[in-house]
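Contents: one structure, followed by commentary.
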Amino acid sequence: MIDSHCHLEQRDFDADRDEIIEKCKKELKAVITCCAHPSDFDLTIKMTNKYKNFVFATFGIHPEFIKEIREKEKDEFMGRIKENKSSIVGIGECGLDYFWVKDETLREKQKELFIEFINLAKDLKLPLVIHARDAVEDAIKILEKCDARNVQMHMFGSKNLLQRVMENGWRISIGPIIKTSKAHRKIARDMPIENILLETDSPWFGFGKRNDPLSIKSVAEKIADIRKLDFEKVWKTCGENAARFFGLPVKI
């Protein structure tokens, strides 16, 4: 009943953002929108203020943008995060992306930026939301080296590394990709239910159409089917997990 990771700031929602949020309020307890670029800061804060205690936000820089983000812009962004700490429930998404970024020099810069965000999260005592695409092992190594504790592995699909995630006590979030990915279905089966959050990553993963936070219901249904659990058990437990992880003032 909580979408732990979506992107309501994206232009895909410009025409009907308020309408979508109002629809979500009828069925969900909360949505967590993820600001992943400095240019989206103001819109994201505006949403959290307008829909207080329903739309919550995390802030980071997606590693895909490493080439375009200048040092001054990054520093200003981090400064604004600190200034608005009371309106923020997490840091991210941040991490590594070797799918879109092939250049080794840029990958090293991704790692440096990643560590900065890990340290920012520790300073602000906020949880981390991690993006790791084709770079999961490197991301885990950095998180472990930095002794990161409160971690959400967004869209986690590396079955071979699941044991390390569990040993570290981290959370994973599962989205609509579970419908098409055997790896994600196995992870949904094997990860303790107490450490699973629901997400949509909307507007993406709509399989031919725009996705929105309400699709977490179909994700919960799939998890319930895989684990042979009642839907309500998955729906409520995953909602409680998200509220606890992000410290949300929400009654499940």
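Each chain of the structure tokens is named A, B, ... in the order shown, its residues numbered from 1; ligands are numbered from 1 in display order.
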
(request) Name the residues in contact with Lys85 (chain A) at a cut-off of 12 Å, using only C-alpha atoms, excluding same-chain residues fewer than 3 positions from it; report them as a ChimeraX atom specification. (result) /A:45,56-59,78-82,88-91,120-121,123-126

(request) Find the spatial neighbours of Cys35 (chain A), counting only C-alpha atoms, within a cut-off of 8 Å - ignore same-chain residues fewer than 3 positions away - and output them as a VMD selection string. (result) chain A and resid 7 9 38 40 to 41 44 57 to 61 92 to 93

Saved selection, atoms kept: C-alpha atoms, as a PDB file, in the first residue's frame:
ATOM      1  CA  HIS A   7       9.199   9.337 -10.319  1.00  0.00           C
ATOM      2  CA  GLU A   9       8.484  14.568 -11.236  1.00  0.00           C
ATOM      3  CA  PRO A  38      19.022  18.649  -9.520  1.00  0.00           C
ATOM      4  CA  ASP A  40      13.724  18.411 -10.499  1.00  0.00           C
ATOM      5  CA  PHE A  41      14.318  19.609  -6.944  1.00  0.00           C
ATOM      6  CA  THR A  44       9.561  17.511  -5.982  1.00  0.00           C
ATOM      7  CA  ALA A  57      10.567  12.299  -1.398  1.00  0.00           C
ATOM      8  CA  THR A  58      14.111  11.059  -1.680  1.00  0.00           C
ATOM      9  CA  PHE A  59      16.850  13.061  -3.404  1.00  0.00           C
ATOM     10  CA  GLY A  60      19.970  11.949  -5.246  1.00  0.00           C
ATOM     11  CA  ILE A  61      21.688  12.019  -8.623  1.00  0.00           C
ATOM     12  CA  GLY A  92      18.893   8.473  -3.687  1.00  0.00           C
ATOM     13  CA  GLU A  93      18.591   7.139  -6.078  1.00  0.00           C
TER      14      GLU A  93
END

(request) Determine, counting only C-alpha atoms, which protein, DNA and RNA residues have an atom within 10 Å of an atom of region 225-241 of chain A; residues of the same chain fewer than 6 positions away are not included. Present the result as a ChimeraX atom specification. (result) /A:1-4,28-30,171,173,185-186,188-190,193-199,216-219,247-248,250-252

(message) Just list as a count of residues only whatever in region 42-192 of chain A DSSP marks as strand (DSSP E).
(response) 27

Which residues of region 138-188 of chain A have any atom within 12 Å of an atom in region 129-132 of chain A when counting only C-alpha atoms, and what is the closest pair of atoms for each, with the distance in Å to one decimal? Order the rows by chain and rising number and write it as a tab-separated table.
residue	atom	partner	partner_atom	distance
A:Asp138	CA	A:Ala132	CA	8.6
A:Ala139	CA	A:Ala132	CA	6.4
A:Ile140	CA	A:Ala132	CA	8.9
A:Lys141	CA	A:Ala132	CA	11.7
A:Ile142	CA	A:Ile130	CA	11.4
A:Leu143	CA	A:Ile130	CA	9.6
A:Ala148	CA	A:Ile130	CA	11.1
A:Arg149	CA	A:Val129	CA	11.4
A:Asn150	CA	A:Val129	CA	8.8
A:Val151	CA	A:Val129	CA	6.2
A:Gln152	CA	A:Val129	CA	4.9
A:Met153	CA	A:Ile130	CA	5.0
A:His154	CA	A:Ile130	CA	5.6
A:Met155	CA	A:His131	CA	7.6
A:Phe156	CA	A:Ala132	CA	7.9
A:Gly157	CA	A:Ala132	CA	9.6
A:Ser158	CA	A:Ala132	CA	10.0
A:Trp170	CA	A:Val129	CA	10.5
A:Arg171	CA	A:Val129	CA	9.5
A:Ile172	CA	A:Ile130	CA	9.4
A:Ser173	CA	A:Val129	CA	9.6

(message) So the first atom is CA of Phe246 (chain A) and the second is CA of Pro127 (chain A); what is the distance between them in Å, to one decimal place?
(response) 6.7 Å

(request) Report as a ChimeraX atom specification: the residues of region 3-153 of chain A with a DSSP assignment of alpha helix (DSSP H), based on the backbone of this structure. (result) /A:17-27,41-50,71-83,104-124,136-145

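The space separating CA of Arg210 (chain A) from CA of Phe13 (chain A) comes to 9.0 Å.
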
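The interatomic distance for the pair CA of Lys109 (chain A) and CA of Ile174 (chain A) works out to 27.9 Å.
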
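Distance annotation: of A:Arg17, A:Lys209, A:Lys222, A:His5, the residue with the minimal separation from Met47 (chain A) is A:Arg17; atom set is only C-alpha atoms.
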
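For the choices A:Leu8, A:Asn211, A:Val136, A:Ala224, the atom-to-atom distance to Lys159 (chain A) is smallest for A:Val136 when using only C-alpha atoms.
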